[in-house]
$ cat query-v2.cif   # mmCIF, C-alpha atoms
data_coords
loop_
_atom_site.label_atom_id
_atom_site.label_comp_id
_atom_site.auth_asym_id
_atom_site.auth_seq_id
_atom_site.Cartn_x
_atom_site.Cartn_y
_atom_site.Cartn_z
CA MET A 1 0.00 0.00 0.00
CA ARG A 2 1.22 3.38 -0.84
CA TRP A 3 1.70 6.19 1.60
CA ASP A 4 -0.96 8.39 -0.02
CA GLU A 5 -3.48 5.51 0.27
CA VAL A 6 -2.62 5.08 3.95
CA ASP A 7 -3.05 8.80 4.46
CA GLU A 8 -6.50 8.68 2.87
CA LEU A 9 -7.61 5.75 4.99
CA LEU A 10 -6.48 7.50 8.17
CA ARG A 11 -8.29 10.72 7.22
CA ALA A 12 -11.51 8.75 6.51
CA ALA A 13 -11.25 6.94 9.86
CA LEU A 14 -10.71 10.19 11.72
CA GLN A 15 -13.66 11.84 9.99
CA LYS A 16 -15.85 8.85 10.97
CA GLU A 17 -14.65 9.11 14.60
CA VAL A 18 -15.34 12.84 14.68
CA ALA A 19 -18.80 12.36 13.13
CA GLU A 20 -19.71 9.74 15.73
CA GLY A 21 -18.18 11.83 18.53
CA VAL A 22 -20.23 14.84 17.62
CA LYS A 23 -23.37 12.75 17.98
CA ARG A 24 -22.26 11.72 21.45
CA LEU A 25 -21.43 15.30 22.38
CA GLU A 26 -24.87 16.50 21.43
CA GLY A 27 -26.82 17.30 24.65
CA LEU A 28 -23.80 16.42 26.79
CA GLU A 29 -24.16 19.54 28.94
CA GLU A 30 -27.82 18.77 29.64
CA ARG A 31 -27.04 15.20 30.42
CA VAL A 32 -24.32 16.24 32.86
CA ILE A 33 -26.66 18.71 34.56
CA GLN A 34 -29.38 16.07 34.82
CA GLU A 35 -26.93 13.58 36.25
CA LEU A 36 -25.72 16.09 38.84
CA ALA A 37 -29.29 16.93 39.76
CA ARG A 38 -30.10 13.26 40.22
CA ARG A 39 -27.15 12.60 42.53
CA PRO A 40 -27.60 13.76 46.14
CA ALA A 41 -25.30 16.48 47.32
CA ARG A 42 -22.31 15.24 49.39
CA GLU A 43 -23.23 15.54 53.08
CA SER A 44 -21.04 17.17 55.65
CA LEU A 45 -19.71 15.14 58.59
CA TRP A 46 -22.22 16.78 60.94
CA GLN A 47 -25.06 15.94 58.58
CA ARG A 48 -23.92 12.35 58.41
CA ILE A 49 -23.73 12.12 62.22
CA ARG A 50 -27.17 13.64 62.49
CA GLU A 51 -28.44 11.22 59.90
CA PHE A 52 -26.99 8.32 61.90
CA LEU A 53 -28.53 9.53 65.12
CA THR A 54 -31.97 10.24 63.75
CA ARG A 55 -32.30 7.32 61.35
CA PRO A 56 -30.71 4.36 63.06
CA THR A 57 -30.66 0.89 61.74
CA PRO A 58 -31.55 -1.82 64.26
CA ARG A 59 -28.05 -3.28 63.98
CA TRP A 60 -26.34 -0.01 64.92
CA ALA A 61 -28.89 0.64 67.63
CA LEU A 62 -27.98 -2.72 69.18
CA VAL A 63 -24.26 -2.01 68.92
CA GLY A 64 -24.85 1.42 70.43
CA ALA A 65 -26.86 -0.02 73.28
CA MET A 66 -24.15 -2.53 74.11
CA ALA A 67 -21.47 0.15 73.98
CA ALA A 68 -23.60 2.45 76.14
CA LEU A 69 -24.16 -0.31 78.65
CA LEU A 70 -20.45 -1.02 78.88
CA LEU A 71 -19.62 2.67 79.12
CA GLY A 72 -22.26 3.23 81.76
CA PHE A 73 -21.04 0.26 83.76
CA ALA A 74 -17.40 1.37 83.48
CA LEU A 75 -18.29 4.92 84.53
CA GLY A 76 -20.35 3.58 87.39
CA ARG A 77 -17.50 1.43 88.60
CA LEU A 78 -15.10 4.35 88.39
CA THR A 79 -17.38 6.77 90.19
CA SER A 80 -18.65 4.29 92.77
CA PRO A 81 -18.17 5.85 96.22
CA SER A 82 -16.60 2.76 97.73
CA PRO A 83 -14.95 -0.34 96.37
CA ILE A 84 -17.46 -3.06 95.64
CA PRO A 85 -16.88 -5.87 98.09
CA GLN A 86 -16.20 -9.25 96.61
CA TRP A 87 -19.07 -11.48 97.66
CA SER A 88 -18.15 -15.11 97.93
CA PRO A 89 -20.41 -18.06 98.66
CA ASN A 90 -19.90 -19.45 102.14
CA LEU A 91 -20.94 -22.93 102.97
CA PHE A 92 -22.40 -23.53 106.39
CA VAL A 93 -22.62 -27.20 107.29
CA ILE A 94 -23.93 -29.03 110.33
CA ALA A 95 -24.63 -32.67 111.01
CA ALA A 96 -28.11 -32.96 112.50
CA PRO A 97 -29.54 -36.40 111.74
CA GLY A 98 -33.23 -36.65 112.43
CA ALA A 99 -33.71 -32.89 112.75
CA ARG A 100 -36.92 -31.46 111.36
CA SER A 101 -35.68 -27.93 110.79
CA VAL A 102 -32.20 -26.45 110.78
CA ALA A 103 -31.28 -22.82 110.28
CA VAL A 104 -28.21 -20.64 110.52
CA VAL A 105 -28.31 -17.25 112.25
CA GLY A 106 -25.60 -14.63 112.36
CA ASP A 107 -24.47 -11.06 111.88
CA PHE A 108 -25.07 -11.57 108.16
CA SER A 109 -28.78 -12.12 108.72
CA ALA A 110 -29.16 -9.73 111.68
CA TRP A 111 -29.73 -12.96 113.62
CA GLN A 112 -32.79 -13.92 111.64
CA PRO A 113 -32.95 -17.67 110.90
CA LEU A 114 -31.90 -18.61 107.37
CA PRO A 115 -33.18 -22.13 106.58
CA MET A 116 -30.65 -24.85 105.75
CA SER A 117 -31.46 -27.87 103.61
CA ASP A 118 -30.78 -31.58 103.53
CA PRO A 119 -32.12 -32.66 100.14
CA ASP A 120 -30.69 -36.22 100.23
CA GLY A 121 -31.81 -36.82 103.81
CA ASP A 122 -28.37 -37.92 105.04
CA GLY A 123 -28.55 -35.65 108.08
CA ILE A 124 -25.99 -33.16 106.74
CA TRP A 125 -27.66 -29.79 106.50
CA THR A 126 -26.13 -27.08 104.38
CA ALA A 127 -26.67 -23.47 103.36
CA SER A 128 -24.58 -21.46 100.94
CA ILE A 129 -24.65 -17.77 101.76
CA PRO A 130 -22.86 -15.15 99.70
CA LEU A 131 -21.02 -12.73 102.00
CA PRO A 132 -18.65 -9.82 101.58
CA PRO A 133 -15.29 -9.98 103.39
CA GLY A 134 -15.55 -9.58 107.13
CA ARG A 135 -15.73 -11.18 110.54
CA TYR A 136 -19.02 -12.92 111.22
CA GLU A 137 -20.48 -14.38 114.37
CA TYR A 138 -23.03 -17.13 113.84
CA ALA A 139 -24.78 -20.14 115.29
CA PHE A 140 -27.12 -22.90 114.19
CA LEU A 141 -30.69 -23.51 115.27
CA VAL A 142 -31.49 -27.22 115.24
CA ASP A 143 -35.21 -27.69 115.86
CA GLY A 144 -35.08 -24.33 117.59
CA LYS A 145 -32.13 -25.28 119.83
CA TRP A 146 -29.09 -22.97 119.77
CA ILE A 147 -25.92 -24.74 118.61
CA GLY A 148 -23.10 -22.20 118.87
CA GLN A 149 -20.01 -24.34 118.37
CA ASP A 150 -19.40 -25.10 114.72
CA PRO A 151 -16.40 -27.46 114.42
CA LEU A 152 -15.45 -25.54 111.27
CA ALA A 153 -15.35 -22.17 113.04
CA GLU A 154 -12.12 -20.24 113.51
CA GLU A 155 -13.02 -18.91 116.94
CA TYR A 156 -15.76 -19.10 119.53
CA LEU A 157 -17.19 -16.49 121.84
CA ARG A 158 -19.08 -17.40 124.98
CA THR A 159 -21.79 -14.88 125.75
CA PHE A 160 -24.13 -15.31 128.70
CA GLY A 161 -23.29 -18.99 128.76
CA GLU A 162 -24.04 -19.56 125.08
CA TYR A 163 -21.43 -19.94 122.39
CA VAL A 164 -21.30 -18.27 119.05
CA SER A 165 -18.92 -19.30 116.30
CA VAL A 166 -16.73 -16.83 114.43
CA ARG A 167 -15.74 -17.03 110.82
CA TYR A 168 -13.56 -14.65 108.82
CA VAL A 169 -14.68 -14.38 105.22
CA GLY A 170 -12.27 -13.33 102.49
CA GLY A 171 -9.03 -14.69 103.89
CA SER A 172 -7.59 -17.14 106.32
CA ARG A 173 -5.19 -16.62 109.19
CA GLU A 174 -2.53 -18.51 107.23
CA ASN A 175 -2.95 -16.29 104.17
CA LEU A 176 -2.72 -13.15 106.22
CA SER A 177 0.38 -14.17 108.09
CA SER A 178 2.21 -15.39 104.99
CA MET B 1 -34.84 12.07 69.18
CA LYS B 2 -36.18 8.71 68.13
CA ILE B 3 -37.43 6.14 70.61
CA CYS B 4 -34.55 3.88 69.63
CA HIS B 5 -32.02 6.37 70.90
CA LEU B 6 -33.92 7.01 74.06
CA SER B 7 -33.60 3.30 74.71
CA VAL B 8 -29.83 3.51 74.16
CA LEU B 9 -29.68 6.34 76.68
CA PHE B 10 -31.80 4.33 79.06
CA VAL B 11 -29.50 1.34 78.76
CA ALA B 12 -26.50 3.56 79.52
CA CYS B 13 -28.21 4.95 82.60
CA ALA B 14 -29.17 1.45 83.65
CA GLY B 15 -25.53 0.41 83.42
CA LEU B 16 -24.50 3.40 85.51
CA VAL B 17 -27.09 2.72 88.17
CA PHE B 18 -26.37 -1.00 88.21
CA ALA B 19 -22.67 -0.40 88.77
CA GLN B 20 -23.33 2.12 91.53
CA THR B 21 -25.64 -0.09 93.52
CA PRO B 22 -24.40 -3.63 93.31
CA LEU B 23 -25.70 -4.57 96.74
CA LEU B 24 -29.09 -3.03 96.25
CA LEU B 25 -29.95 -5.77 93.82
CA ARG B 26 -29.24 -8.47 96.36
CA SER B 27 -31.77 -7.14 98.86
CA THR B 28 -33.60 -3.90 98.88
CA PRO B 29 -33.18 -2.20 102.25
CA PRO B 30 -36.34 -0.86 103.85
CA ALA B 31 -37.16 2.82 103.49
CA PRO B 32 -36.45 5.09 106.49
CA GLU B 33 -40.20 5.77 106.73
CA GLU B 34 -40.78 2.08 107.36
CA VAL B 35 -38.26 2.16 110.21
CA LEU B 36 -39.92 5.24 111.71
CA GLN B 37 -43.29 3.48 111.53
CA ALA B 38 -41.83 0.57 113.49
CA LEU B 39 -40.52 3.06 116.03
CA GLU B 40 -43.95 4.67 116.32
CA ALA B 41 -45.47 1.24 116.83
CA LEU B 42 -43.43 0.82 120.02
CA GLY B 43 -45.64 3.43 121.65
CA LEU B 44 -42.83 5.28 123.40
CA PRO B 45 -43.24 8.86 124.71
CA PRO B 46 -43.66 11.22 121.74
CA GLU B 47 -40.71 13.43 122.81
CA PHE B 48 -38.38 10.44 122.91
CA THR B 49 -39.73 9.09 119.63
CA ALA B 50 -39.05 12.44 117.98
CA THR B 51 -35.52 12.67 119.39
CA PHE B 52 -34.70 9.09 118.48
CA SER B 53 -36.15 9.50 114.98
CA ALA B 54 -33.92 12.51 114.35
CA ALA B 55 -30.84 10.67 115.61
CA LEU B 56 -31.68 7.60 113.54
CA LEU B 57 -32.27 9.57 110.34
CA SER B 58 -28.92 11.31 110.81
CA GLY B 59 -27.38 7.90 111.38
CA PHE B 60 -28.83 6.60 108.10
CA ALA B 61 -27.61 9.66 106.24
CA THR B 62 -24.09 9.54 107.64
CA GLY B 63 -23.43 5.80 107.51
CA ARG B 64 -23.68 5.20 111.25
CA ALA B 65 -26.84 3.08 111.07
CA THR B 66 -28.71 1.08 108.44
CA THR B 67 -32.41 0.76 107.87
CA THR B 68 -32.18 -3.03 107.56
CA VAL B 69 -30.87 -3.78 111.04
CA SER B 70 -32.70 -0.85 112.65
CA LEU B 71 -36.05 -2.10 111.39
CA LEU B 72 -35.42 -5.66 112.57
CA LEU B 73 -34.29 -4.44 115.98
CA LEU B 74 -37.26 -2.14 116.48
CA GLN B 75 -39.66 -4.89 115.41
CA ASP B 76 -37.95 -7.27 117.83
CA LEU B 77 -37.93 -4.88 120.79
CA VAL B 78 -41.67 -5.37 121.30
CA LYS B 79 -40.65 -8.54 123.17
CA LEU B 80 -39.18 -6.38 125.96
CA PRO B 81 -40.94 -4.32 128.63
CA ARG B 82 -41.46 -0.72 127.58
CA ASP B 83 -39.02 0.83 130.09
CA GLN B 84 -36.25 -1.50 128.94
CA VAL B 85 -36.97 -0.69 125.32
CA LEU B 86 -36.59 2.94 126.27
CA GLU B 87 -33.27 2.28 128.00
CA CYS B 88 -31.92 0.29 125.03
CA LEU B 89 -32.86 2.97 122.57
CA GLU B 90 -31.52 5.74 124.80
CA VAL B 91 -28.08 4.10 124.82
CA ILE B 92 -28.19 3.83 121.03
CA ARG B 93 -29.40 7.42 120.68
CA TYR B 94 -26.60 8.68 122.91
CA ALA B 95 -24.02 6.70 120.96
CA LEU B 96 -25.31 8.22 117.71
CA SER B 97 -25.24 11.71 119.21
CA GLN B 98 -21.59 11.13 120.09
CA GLY B 99 -20.80 10.21 116.49
CA PHE B 100 -20.32 6.48 116.98
CA ILE B 101 -21.29 3.86 114.42
CA VAL B 102 -24.08 1.80 115.99
CA ASP B 103 -24.79 -0.50 113.09
CA THR B 104 -22.61 -1.78 110.27
CA GLY B 105 -25.44 -3.48 108.46
CA LEU B 106 -25.18 -7.20 107.92
CA ALA B 107 -21.38 -7.24 108.05
CA GLY B 108 -19.75 -7.40 111.44
CA SER B 109 -20.65 -6.58 114.99
CA SER B 110 -22.13 -3.40 116.32
CA MET B 111 -24.52 -2.22 119.01
CA MET B 112 -27.73 -2.88 117.09
CA ASN B 113 -26.59 -6.23 115.77
CA GLU B 114 -25.50 -7.30 119.23
CA ALA B 115 -28.89 -6.36 120.66
CA ARG B 116 -30.47 -8.48 117.93
CA LYS B 117 -28.18 -11.37 118.83
CA PHE B 118 -29.18 -11.31 122.49
CA LEU B 119 -32.85 -11.01 121.62
CA ALA B 120 -32.40 -14.11 119.42
CA LEU B 121 -30.75 -15.83 122.38
CA GLY B 122 -33.73 -14.92 124.50
CA ARG B 123 -31.77 -12.79 126.97
CA SER B 124 -33.62 -10.39 129.24
CA GLY B 125 -33.99 -6.70 128.61
CA GLU B 126 -31.83 -5.93 131.67
CA GLU B 127 -28.98 -8.01 130.30
CA ILE B 128 -29.26 -6.39 126.89
CA VAL B 129 -29.25 -2.90 128.39
CA SER B 130 -26.21 -3.72 130.53
CA VAL B 131 -24.29 -5.04 127.50
CA LEU B 132 -25.19 -1.99 125.43
CA ARG B 133 -24.04 0.31 128.24
CA ALA B 134 -20.76 -1.59 128.52
CA ARG B 135 -20.28 -1.34 124.74
CA LEU B 136 -20.94 2.40 124.87
CA GLY B 137 -18.36 2.68 127.64
CA PHE B 138 -15.78 0.86 125.50
CA LEU B 139 -16.55 3.11 122.53
CA LEU B 140 -16.13 6.30 124.56
CA ALA B 141 -13.00 5.05 126.30
CA THR B 142 -11.39 3.78 123.09
CA ARG B 143 -11.89 7.06 121.30
CA SER B 144 -10.67 9.01 124.29
CA VAL B 145 -7.43 7.00 124.54
CA LEU B 146 -6.76 7.06 120.80
CA VAL B 147 -7.27 10.82 120.62
CA ARG B 148 -5.07 11.42 123.67
CA SER B 149 -2.37 9.23 122.15
CA GLY B 150 -2.52 11.24 118.94
CA LEU B 151 -3.46 8.16 116.90
CA ILE B 152 -6.69 9.72 115.64
CA SER B 153 -7.95 13.29 115.40
CA PRO B 154 -10.55 14.57 117.86
CA PRO B 155 -14.05 13.81 116.51
CA VAL B 156 -16.21 16.46 114.89
CA MET B 157 -19.29 16.38 117.08
CA ASP B 158 -21.75 17.09 114.31
CA PRO B 159 -24.43 14.47 113.63
CA GLN B 160 -24.54 15.54 109.98
CA VAL B 161 -20.88 14.72 109.30
CA PRO B 162 -20.48 11.35 107.54
CA ALA B 163 -18.78 8.53 109.42
CA THR B 164 -15.02 8.48 108.91
CA SER B 165 -12.45 5.71 108.73
CA ALA B 166 -11.39 6.71 112.25
CA ASP B 167 -14.96 6.02 113.45
CA ARG B 168 -14.70 2.52 112.01
CA VAL B 169 -11.33 1.92 113.68
CA VAL B 170 -12.77 3.08 117.01
CA LEU B 171 -15.71 0.69 116.58
CA GLU B 172 -13.59 -2.34 115.73
CA LEU B 173 -11.02 -1.66 118.45
CA ALA B 174 -13.70 -1.05 121.07
CA TRP B 175 -15.46 -4.24 119.99
CA ALA B 176 -12.30 -6.32 120.20
CA VAL B 177 -11.51 -4.92 123.65
CA GLY B 178 -15.10 -5.51 124.75
CA ASP B 179 -15.17 -9.08 123.44
CA PHE B 180 -11.95 -9.89 125.28
CA ILE B 181 -13.10 -8.43 128.58
CA LEU B 182 -16.81 -9.31 128.45
CA TRP B 183 -16.81 -12.70 126.73
CA GLU B 184 -13.29 -14.12 126.71
CA GLY B 185 -12.99 -13.76 130.45
CA GLY B 186 -9.88 -11.65 130.03
CA SER B 187 -8.54 -9.00 132.37
CA PRO B 188 -6.70 -5.76 131.58
CA GLY B 189 -3.40 -7.28 132.68
CA ASP B 190 -3.82 -10.48 130.64
CA PRO B 191 -0.69 -11.10 128.53
CA ARG B 192 -2.92 -12.32 125.64
CA PHE B 193 -4.85 -9.05 125.53
CA LEU B 194 -2.62 -7.03 123.20
CA GLY B 195 -2.11 -9.92 120.76
CA TYR B 196 -5.85 -10.62 120.65
CA VAL B 197 -6.72 -7.02 119.80
CA GLN B 198 -3.85 -6.53 117.35
CA ASP B 199 -4.63 -9.77 115.53
CA ARG B 200 -8.28 -8.79 115.13
CA LEU B 201 -7.51 -5.31 113.80
CA ASN B 202 -4.83 -6.61 111.45
CA ARG B 203 -7.16 -9.25 110.04
CA LEU B 204 -10.00 -6.79 109.48
CA SER B 205 -7.59 -4.35 107.91
CA ALA B 206 -6.18 -7.03 105.59
CA LEU B 207 -9.72 -7.97 104.54
CA GLY B 208 -10.48 -4.37 103.69
CA VAL B 209 -13.23 -4.20 106.33
CA CYS B 210 -11.23 -1.81 108.46
CA PRO B 211 -9.28 1.04 106.90
CA MET B 212 -5.56 0.51 106.37
CA GLU B 213 -4.67 2.85 109.23
CA ALA B 214 -6.17 0.23 111.57
CA GLY B 215 -3.01 -1.82 111.04
CA LYS B 216 -0.83 1.13 112.03
CA ILE B 217 -2.97 1.83 115.06
CA ALA B 218 -2.80 -1.85 116.01
CA SER B 219 0.99 -1.80 115.96
CA ALA B 220 1.04 1.42 118.01
CA LEU B 221 -1.12 -0.06 120.78
CA THR B 222 0.49 -0.93 124.09
CA PRO B 223 -0.73 -3.01 127.02
CA ALA B 224 -0.93 0.21 129.04
CA MET B 225 -3.25 1.80 126.47
CA LEU B 226 -5.55 -1.22 126.48
CA ALA B 227 -5.59 -1.28 130.28
CA GLU B 228 -6.49 2.41 130.24
CA ILE B 229 -9.37 1.77 127.82
CA VAL B 230 -10.81 -0.87 130.15
CA GLN B 231 -10.36 1.35 133.17
CA LEU B 232 -12.06 4.31 131.50
CA ALA B 233 -14.87 2.14 130.13
CA PHE B 234 -15.96 1.27 133.64
CA GLN B 235 -15.15 4.64 135.18
CA PRO B 236 -17.09 7.18 133.12
CA GLU B 237 -16.12 10.03 135.42
CA ARG B 238 -12.46 9.68 134.34
CA ARG B 239 -13.04 9.77 130.55
#
$ encode --input "query-v2.cif" --output "structure tokens"
Amino acid sequence: MRWDEVDELLRAALQKEVAEGVKRLEGLEERVIQELARRPARESLWQRIREFLTRPTPRWALVGAMAALLLGFALGRLTSPSPIPQWSPNLFVIAAPGARSVAVVGDFSAWQPLPMSDPDGDGIWTASIPLPPGRYEYAFLVDGKWIGQDPLAEEYLRTFGEYVSVRYVGGSRENLSS
Amino acid sequence: MKICHLSVLFVACAGLVFAQTPLLLRSTPPAPEEVLQALEALGLPPEFTATFSAALLSGFATGRATTTVSLLLLQDLVKLPRDQVLECLEVIRYALSQGFIVDTGLAGSSMMNEARKFLALGRSGEEIVSVLRARLGFLLATRSVLVRSGLISPPVMDPQVPATSADRVVLELAWAVGDFILWEGGSPGDPRFLGYVQDRLNRLSALGVCPMEAGKIASALTPAMLAEIVQLAFQPERR
């Protein structure tokens, strides 16, 4: 192919491209304006926050609630007026075969009877009482009779001829001395 | 604001309240009004009822008494003759007016809890009054000796001032001294006396029940100081 033929072919191709391009350019400005009008304007950060707060999705509401709960709890713990005592379950046990009712009384109940139970009927009555650290005096009431000497007690006090047992909750003598 | 966000706010507040009142959820203490109703029900002279009510309400507000134990005690006092009820409550009122803690709630010993214990044991009103008077004597003597020794500051005699850590130390020390003398059969010159009291204070301090300064006070105690507490407890004119 000769150079002049190549030149002609290129010119024809370019003219075709231009002709087609002109068609595409027709109404371009309007189309751009329409497209811009259809698209929502870009929101500012504040608008987006407001949008989030006023139109929540259930999922984000749940996440927010959990975060708020954790934050509230953490703040509460930090601003609590006194340290929260660690309550630990304390097992009170007494052997009272044949007893009809057994209860434990003590400082922790303001000396009101707290019923103990013997579900398997083996005569071993138990009660698990959550208590904060401290020194507690207590006794058992077996069918209404005062039993003040618990073999598991750390100390005893004898008051007006009756014993009460003493238990320290939250540490043992050995732990404290070590 | 949408309902959804109000619920988030509510949950946050719930978390805050829950963390602030961990013990409230275990048992709701009675309202002071309920305690005052129980006091009214005792049918004591109106002047005394009014004075005791004021002392008790200050005690609730300042951490020197609790509604839980107070209510139980007042409900239980109906078992005693009226004049003995009056004497019991007068000792408690005087202790409150002097700024002493009379009730530590359901944790540990105190005047009100001890009265409950003896009522549970079926002791007479006379015996209960005599024990409460002895306990008051130990409280007054203990504070007097600790202040004179410079181990604690003189108390602010204002019933509106909240209980301090020094008040708690005075209570626990006075109780240990009282237990040793009243129930352990000890005497002021007993060689076990100092060890008994120091051990008790150190243990309570290590458990966080007593403030840390209780340990320091325990180590500063001497047999002479304990003997002086006992002497003053039974000789009010020398306090």
$ atom_distance --input "query-v2.cif" --atom1 "CA of Ala99 (chain A)" --atom2 "CA of Ala139 (chain A)"
15.8 Å
$ atom_distance --input "query-v2.cif" --atom1 "CA of Arg82 (chain B)" --atom2 "CA of Gly108 (chain B)"
27.9 Å
$ residues_around --input "query-v2.cif" --residues "region 114-130 of chain A" --least-positions-apart "4" --cutoff "7 Å" --atoms "all atoms listed in the file" --output "PDB file with C-alpha atoms, in the coordinates of the input"
ATOM      1  CA  TRP A  87     -19.070 -11.480  97.660  1.00  0.00           C
ATOM      2  CA  SER A  88     -18.150 -15.110  97.930  1.00  0.00           C
ATOM      3  CA  PRO A  89     -20.410 -18.060  98.660  1.00  0.00           C
ATOM      4  CA  ASN A  90     -19.900 -19.450 102.140  1.00  0.00           C
ATOM      5  CA  LEU A  91     -20.940 -22.930 102.970  1.00  0.00           C
ATOM      6  CA  PHE A  92     -22.400 -23.530 106.390  1.00  0.00           C
ATOM      7  CA  VAL A  93     -22.620 -27.200 107.290  1.00  0.00           C
ATOM      8  CA  ILE A  94     -23.930 -29.030 110.330  1.00  0.00           C
ATOM      9  CA  ALA A  95     -24.630 -32.670 111.010  1.00  0.00           C
ATOM     10  CA  ALA A  96     -28.110 -32.960 112.500  1.00  0.00           C
ATOM     11  CA  PRO A  97     -29.540 -36.400 111.740  1.00  0.00           C
ATOM     12  CA  GLY A  98     -33.230 -36.650 112.430  1.00  0.00           C
ATOM     13  CA  VAL A 102     -32.200 -26.450 110.780  1.00  0.00           C
ATOM     14  CA  ALA A 103     -31.280 -22.820 110.280  1.00  0.00           C
ATOM     15  CA  VAL A 104     -28.210 -20.640 110.520  1.00  0.00           C
ATOM     16  CA  VAL A 105     -28.310 -17.250 112.250  1.00  0.00           C
TER      17      VAL A 105
END
$ residues_around --input "query-v2.cif" --residues "Glu184 (chain B)" --least-positions-apart "3" --cutoff "10 Å" --atoms "only C-alpha atoms" --output "list in words"
Tyr156, Leu157, Arg158 and Thr159 of chain A; Val177, Gly178, Asp179, Phe180, Ile181, Ser187 and Phe193 of chain B
$ write_last_selection --input "query-v2.cif" --atoms "C-alpha atoms" --output "short mmCIF file (atom, residue, chain, number, x, y, z; two decimals), in the frame of the given file"
data_model
loop_
_atom_site.label_atom_id
_atom_site.label_comp_id
_atom_site.auth_asym_id
_atom_site.auth_seq_id
_atom_site.Cartn_x
_atom_site.Cartn_y
_atom_site.Cartn_z
CA TYR A 156 -15.76 -19.10 119.53
CA LEU A 157 -17.19 -16.49 121.84
CA ARG A 158 -19.08 -17.40 124.98
CA THR A 159 -21.79 -14.88 125.75
CA VAL B 177 -11.51 -4.92 123.65
CA GLY B 178 -15.10 -5.51 124.75
CA ASP B 179 -15.17 -9.08 123.44
CA PHE B 180 -11.95 -9.89 125.28
CA ILE B 181 -13.10 -8.43 128.58
CA SER B 187 -8.54 -9.00 132.37
CA PHE B 193 -4.85 -9.05 125.53
#
$ closest_residue --input "query-v2.cif" --among "A:Ala68, A:Leu10, A:Leu152, A:Val164" --to "chain B" --atoms "only C-alpha atoms"
A:Ala68
$ closest_residue --input "query-v2.cif" --among "B:Ala176, B:Val145, B:Ala55, B:Leu151" --to "chain A" --atoms "only C-alpha atoms"
B:Ala176
$ build_atoms --input "query-v2.cif" --residues "region 158-162 of chain B" --atoms "all heavy atoms" --output "CSV table (one decimal), in the coordinates of the input"
chain,number,residue,atom,x,y,z
B,158,ASP,N,-20.6,16.6,115.1
B,158,ASP,CA,-21.8,17.1,114.3
B,158,ASP,C,-22.5,15.9,113.7
B,158,ASP,O,-21.9,15.1,113.0
B,158,ASP,CB,-21.2,18.0,113.2
B,158,ASP,CG,-22.3,18.5,112.3
B,158,ASP,OD1,-23.5,18.1,112.5
B,158,ASP,OD2,-22.0,19.4,111.5
B,159,PRO,N,-23.7,15.7,114.1
B,159,PRO,CA,-24.4,14.5,113.6
B,159,PRO,C,-24.6,14.4,112.1
B,159,PRO,O,-25.0,13.4,111.6
B,159,PRO,CB,-25.8,14.5,114.4
B,159,PRO,CG,-25.9,15.9,114.8
B,159,PRO,CD,-24.6,16.5,115.0
B,160,GLN,N,-24.4,15.5,111.4
B,160,GLN,CA,-24.5,15.5,110.0
B,160,GLN,C,-23.3,15.1,109.2
B,160,GLN,O,-23.3,14.9,108.0
B,160,GLN,CB,-25.0,16.9,109.5
B,160,GLN,CG,-26.3,17.5,110.1
B,160,GLN,CD,-27.4,16.5,110.0
B,160,GLN,OE1,-27.6,15.9,109.0
B,160,GLN,NE2,-28.2,16.4,111.1
B,161,VAL,N,-22.1,15.0,110.0
B,161,VAL,CA,-20.9,14.7,109.3
B,161,VAL,C,-20.8,13.2,109.1
B,161,VAL,O,-21.0,12.4,110.0
B,161,VAL,CB,-19.7,15.2,110.2
B,161,VAL,CG1,-18.4,14.7,109.6
B,161,VAL,CG2,-19.7,16.7,110.3
B,162,PRO,N,-20.5,12.8,107.8
B,162,PRO,CA,-20.5,11.4,107.5
B,162,PRO,C,-19.4,10.6,108.4
B,162,PRO,O,-18.4,11.2,108.8
B,162,PRO,CB,-20.1,11.3,106.1
B,162,PRO,CG,-20.5,12.6,105.5
B,162,PRO,CD,-20.3,13.6,106.6
